[in-house]
Amino acid sequence: KMGIFRSEDMCLYEITIPKDNAWEIMNRLGDIGKMHFINLNKEEQVFNLTFAPFIKRCEETEKRISFIEQECKRNNIKLNKPRSVEEFLNNINSMHNKLKKAGNLFFESIEEDIKAKEKFIQEQTRKGKEIHDSFNLLFEYRTVLRKAASIINDQGRGMVGEDAAIGSLNNEEEKAPGAGDRLLPRTDGISVGHIAGTINMDEELRFKKLIFR
């Protein structure tokens, strides 16, 4: 234990711990909060240490928790966090007592639960993106149809007016009885083609230049 201004008196102990009980004993010592551990494996490579794979699993689980937290914030989901370290440790101990598993198996339970939640969130995010993309596509289709309908209708009315005028002129020359009352367009030989679609707003200027050229 370290004081504010100077080191307090300490005792050096060497403890031999059975491997099967290492988790429980180290957790108990950590809960005391008055221990300073000396690393006797400074010269060893990290990946050669006994608990290196376990530490890597802890880091991967922490990344998954960070991902879940980011997705909750992005979707405005409220997170209930412990107000203090003591409350967090109490929650962990309560979960441990409910599961009634050994320390190493307890972490595996947490790890599997975090993996399942991460997978669920990823699936929901993917489905939400697919729904959003489908909605945008249908919205673009509807917009194109409405715009195209207004353009085609305007052009159709112009064709009807021109054809009706020609029909009236021909009827006056031929003086066919009742023929002047016909206002239906004569569309024989008329072929109108249209291409309609949507583009991104940042491509608008380039598209206009393409059409102009």
# chains A, B, ... in the order shown; residues from 1 in each chain; ligands from 1
$ residues_around --residues "segment 113-129 of chain A" --least-positions-apart "6" --cutoff "12 Å" --atoms "only C-alpha atoms" --output "CSV table (one decimal) with N, CA and C atoms, in the first residue's frame"
chain,number,residue,atom,x,y,z
A,57,ARG,N,-8.3,-13.0,-24.5
A,57,ARG,CA,-9.7,-13.2,-24.5
A,57,ARG,C,-10.4,-12.1,-23.8
A,58,CYS,N,-9.8,-11.6,-22.7
A,58,CYS,CA,-10.4,-10.5,-22.0
A,58,CYS,C,-10.4,-9.2,-22.8
A,60,GLU,N,-10.5,-9.1,-26.1
A,60,GLU,CA,-11.5,-9.2,-27.2
A,60,GLU,C,-12.9,-9.0,-26.6
A,61,THR,N,-13.1,-9.5,-25.4
A,61,THR,CA,-14.4,-9.3,-24.8
A,61,THR,C,-14.7,-7.8,-24.5
A,62,GLU,N,-13.6,-7.1,-24.1
A,62,GLU,CA,-13.7,-5.7,-23.9
A,62,GLU,C,-14.0,-4.9,-25.2
A,63,LYS,N,-13.5,-5.4,-26.3
A,63,LYS,CA,-13.8,-4.7,-27.6
A,63,LYS,C,-15.2,-5.0,-27.9
A,64,ARG,N,-15.7,-6.2,-27.7
A,64,ARG,CA,-17.1,-6.5,-28.0
A,64,ARG,C,-18.1,-5.6,-27.1
A,65,ILE,N,-17.7,-5.4,-25.9
A,65,ILE,CA,-18.5,-4.5,-25.0
A,65,ILE,C,-18.5,-3.1,-25.5
A,66,SER,N,-17.3,-2.6,-26.0
A,66,SER,CA,-17.2,-1.3,-26.5
A,66,SER,C,-18.1,-1.1,-27.8
A,67,PHE,N,-18.1,-2.2,-28.6
A,67,PHE,CA,-19.0,-2.2,-29.8
A,67,PHE,C,-20.5,-2.1,-29.4
A,68,ILE,N,-20.9,-2.9,-28.4
A,68,ILE,CA,-22.3,-2.9,-28.0
A,68,ILE,C,-22.6,-1.5,-27.4
A,69,GLU,N,-21.7,-0.9,-26.6
A,69,GLU,CA,-21.9,0.4,-26.1
A,69,GLU,C,-22.1,1.5,-27.2
A,70,GLN,N,-21.2,1.4,-28.2
A,70,GLN,CA,-21.3,2.4,-29.3
A,70,GLN,C,-22.7,2.3,-30.0
A,71,GLU,N,-23.1,1.0,-30.3
A,71,GLU,CA,-24.4,0.8,-31.0
A,71,GLU,C,-25.5,1.3,-30.1
A,72,CYS,N,-25.5,1.1,-28.8
A,72,CYS,CA,-26.5,1.6,-27.9
A,72,CYS,C,-26.6,3.2,-28.0
A,74,ARG,N,-25.5,5.0,-30.4
A,74,ARG,CA,-26.0,5.4,-31.8
A,74,ARG,C,-27.5,5.3,-31.9
A,75,ASN,N,-28.1,4.4,-31.2
A,75,ASN,CA,-29.5,4.2,-31.3
A,75,ASN,C,-30.3,4.8,-30.1
A,106,PHE,N,-16.9,-18.9,-14.8
A,106,PHE,CA,-17.7,-17.7,-14.7
A,106,PHE,C,-17.4,-16.8,-15.8
A,107,PHE,N,-16.1,-16.6,-16.1
A,107,PHE,CA,-15.7,-15.7,-17.2
A,107,PHE,C,-16.2,-16.2,-18.5
A,135,PHE,N,-36.2,0.8,-48.3
A,135,PHE,CA,-37.1,2.0,-48.3
A,135,PHE,C,-36.6,3.1,-49.2
A,136,ASN,N,-35.3,3.4,-49.2
A,136,ASN,CA,-34.8,4.4,-50.1
A,136,ASN,C,-35.0,4.0,-51.5
$ closest_residue --among "A:Glu14, A:Ile195, A:Ser94, A:Tyr141" --to "His36 of chain A" --atoms "only C-alpha atoms"
A:Glu14
$ atom_distance --atom1 "atom CA of Thr198 of chain A" --atom2 "atom CA of Thr143 of chain A"
8.9 Å
$ decode --residues "segment 79-129 of chain A" --atoms "N, CA and C atoms" --output "CSV table (one decimal), in the first residue's frame"
chain,number,residue,atom,x,y,z
A,79,LEU,N,-28.0,3.4,-21.2
A,79,LEU,CA,-27.2,2.4,-20.5
A,79,LEU,C,-27.1,2.7,-19.0
A,80,ASN,N,-27.4,1.6,-18.2
A,80,ASN,CA,-27.3,1.7,-16.8
A,80,ASN,C,-25.9,1.3,-16.3
A,81,LYS,N,-25.1,2.2,-15.9
A,81,LYS,CA,-23.8,1.9,-15.5
A,81,LYS,C,-23.7,1.9,-13.9
A,82,PRO,N,-22.8,1.1,-13.4
A,82,PRO,CA,-22.6,1.2,-11.9
A,82,PRO,C,-22.1,2.6,-11.5
A,83,ARG,N,-22.5,3.0,-10.4
A,83,ARG,CA,-22.1,4.3,-9.9
A,83,ARG,C,-20.7,4.4,-9.3
A,84,SER,N,-20.2,3.2,-8.9
A,84,SER,CA,-18.9,3.1,-8.3
A,84,SER,C,-18.3,1.7,-8.6
A,85,VAL,N,-17.0,1.6,-8.3
A,85,VAL,CA,-16.3,0.3,-8.5
A,85,VAL,C,-16.8,-0.7,-7.5
A,86,GLU,N,-17.2,-0.2,-6.3
A,86,GLU,CA,-17.7,-1.2,-5.3
A,86,GLU,C,-19.1,-1.8,-5.8
A,87,GLU,N,-19.9,-0.9,-6.4
A,87,GLU,CA,-21.2,-1.4,-6.9
A,87,GLU,C,-20.9,-2.4,-8.0
A,88,PHE,N,-20.0,-2.1,-8.9
A,88,PHE,CA,-19.7,-3.0,-10.0
A,88,PHE,C,-19.2,-4.4,-9.4
A,89,LEU,N,-18.3,-4.4,-8.4
A,89,LEU,CA,-17.8,-5.6,-7.9
A,89,LEU,C,-18.9,-6.4,-7.2
A,90,ASN,N,-19.8,-5.7,-6.5
A,90,ASN,CA,-21.0,-6.3,-5.9
A,90,ASN,C,-21.9,-7.0,-6.9
A,91,ASN,N,-22.1,-6.3,-8.1
A,91,ASN,CA,-22.9,-6.9,-9.1
A,91,ASN,C,-22.2,-8.2,-9.7
A,92,ILE,N,-20.9,-8.1,-9.8
A,92,ILE,CA,-20.2,-9.3,-10.3
A,92,ILE,C,-20.3,-10.5,-9.3
A,93,ASN,N,-20.1,-10.2,-8.1
A,93,ASN,CA,-20.2,-11.2,-7.1
A,93,ASN,C,-21.6,-11.8,-7.0
A,94,SER,N,-22.7,-11.0,-7.2
A,94,SER,CA,-24.0,-11.5,-7.2
A,94,SER,C,-24.3,-12.4,-8.4
A,95,MET,N,-23.8,-12.0,-9.6
A,95,MET,CA,-23.9,-12.9,-10.8
A,95,MET,C,-23.1,-14.2,-10.5
A,96,HIS,N,-21.9,-14.1,-9.9
A,96,HIS,CA,-21.1,-15.3,-9.7
A,96,HIS,C,-21.9,-16.2,-8.7
A,97,ASN,N,-22.5,-15.7,-7.7
A,97,ASN,CA,-23.2,-16.5,-6.8
A,97,ASN,C,-24.4,-17.2,-7.4
A,98,LYS,N,-25.1,-16.5,-8.3
A,98,LYS,CA,-26.3,-17.0,-9.0
A,98,LYS,C,-25.9,-18.2,-9.9
A,99,LEU,N,-24.8,-18.0,-10.6
A,99,LEU,CA,-24.4,-19.1,-11.6
A,99,LEU,C,-23.7,-20.3,-10.9
A,100,LYS,N,-23.1,-20.0,-9.7
A,100,LYS,CA,-22.5,-21.0,-8.9
A,100,LYS,C,-21.5,-21.8,-9.8
A,101,LYS,N,-20.6,-21.1,-10.4
A,101,LYS,CA,-19.6,-21.7,-11.2
A,101,LYS,C,-18.2,-21.3,-10.7
A,102,ALA,N,-17.2,-22.0,-11.1
A,102,ALA,CA,-15.8,-21.7,-10.7
A,102,ALA,C,-15.4,-20.4,-11.5
A,103,GLY,N,-14.4,-19.7,-11.0
A,103,GLY,CA,-14.0,-18.4,-11.5
A,103,GLY,C,-13.7,-18.4,-13.0
A,104,ASN,N,-12.9,-19.4,-13.5
A,104,ASN,CA,-12.6,-19.5,-14.9
A,104,ASN,C,-13.9,-19.8,-15.7
A,105,LEU,N,-14.7,-20.6,-15.2
A,105,LEU,CA,-16.0,-20.9,-15.9
A,105,LEU,C,-16.9,-19.7,-15.9
A,106,PHE,N,-16.9,-18.9,-14.8
A,106,PHE,CA,-17.7,-17.7,-14.7
A,106,PHE,C,-17.4,-16.8,-15.8
A,107,PHE,N,-16.1,-16.6,-16.1
A,107,PHE,CA,-15.7,-15.7,-17.2
A,107,PHE,C,-16.2,-16.2,-18.5
A,108,GLU,N,-16.1,-17.5,-18.7
A,108,GLU,CA,-16.6,-18.1,-19.9
A,108,GLU,C,-18.1,-17.9,-20.1
A,109,SER,N,-18.8,-17.9,-19.1
A,109,SER,CA,-20.3,-17.6,-19.2
A,109,SER,C,-20.4,-16.1,-19.6
A,110,ILE,N,-19.7,-15.2,-19.0
A,110,ILE,CA,-19.8,-13.8,-19.4
A,110,ILE,C,-19.4,-13.6,-20.9
A,111,GLU,N,-18.3,-14.3,-21.3
A,111,GLU,CA,-17.8,-14.2,-22.6
A,111,GLU,C,-18.8,-14.7,-23.6
A,112,GLU,N,-19.4,-15.8,-23.4
A,112,GLU,CA,-20.4,-16.4,-24.3
A,112,GLU,C,-21.7,-15.4,-24.4
A,113,ASP,N,-22.0,-14.9,-23.2
A,113,ASP,CA,-23.2,-14.0,-23.2
A,113,ASP,C,-22.9,-12.7,-24.0
A,114,ILE,N,-21.7,-12.2,-23.9
A,114,ILE,CA,-21.3,-11.0,-24.7
A,114,ILE,C,-21.2,-11.3,-26.2
A,115,LYS,N,-20.7,-12.5,-26.5
A,115,LYS,CA,-20.7,-12.9,-27.9
A,115,LYS,C,-22.1,-13.0,-28.5
A,116,ALA,N,-23.0,-13.6,-27.7
A,116,ALA,CA,-24.4,-13.7,-28.2
A,116,ALA,C,-25.0,-12.4,-28.4
A,117,LYS,N,-24.8,-11.5,-27.5
A,117,LYS,CA,-25.4,-10.1,-27.6
A,117,LYS,C,-24.8,-9.4,-28.8
A,118,GLU,N,-23.5,-9.5,-29.0
A,118,GLU,CA,-22.8,-8.9,-30.2
A,118,GLU,C,-23.4,-9.4,-31.5
A,119,LYS,N,-23.5,-10.7,-31.6
A,119,LYS,CA,-24.1,-11.3,-32.8
A,119,LYS,C,-25.5,-10.8,-33.0
A,120,PHE,N,-26.3,-10.7,-32.0
A,120,PHE,CA,-27.7,-10.3,-32.1
A,120,PHE,C,-27.7,-8.8,-32.6
A,121,ILE,N,-26.9,-8.0,-32.0
A,121,ILE,CA,-26.8,-6.6,-32.5
A,121,ILE,C,-26.4,-6.5,-33.9
A,122,GLN,N,-25.4,-7.3,-34.3
A,122,GLN,CA,-24.9,-7.2,-35.7
A,122,GLN,C,-26.0,-7.6,-36.6
A,123,GLU,N,-26.8,-8.7,-36.3
A,123,GLU,CA,-27.9,-9.1,-37.2
A,123,GLU,C,-29.0,-8.0,-37.2
A,124,GLN,N,-29.3,-7.4,-36.1
A,124,GLN,CA,-30.3,-6.4,-36.1
A,124,GLN,C,-29.8,-5.1,-36.9
A,125,THR,N,-28.5,-4.8,-36.8
A,125,THR,CA,-28.0,-3.7,-37.5
A,125,THR,C,-28.0,-4.0,-39.0
A,126,ARG,N,-27.7,-5.2,-39.4
A,126,ARG,CA,-27.7,-5.6,-40.8
A,126,ARG,C,-29.1,-5.6,-41.4
A,127,LYS,N,-30.1,-6.1,-40.6
A,127,LYS,CA,-31.5,-6.1,-41.1
A,127,LYS,C,-32.0,-4.6,-41.2
A,128,GLY,N,-31.6,-3.8,-40.2
A,128,GLY,CA,-32.1,-2.4,-40.2
A,128,GLY,C,-31.5,-1.7,-41.4
A,129,LYS,N,-30.3,-2.0,-41.8
A,129,LYS,CA,-29.6,-1.4,-43.0
A,129,LYS,C,-30.4,-1.8,-44.2
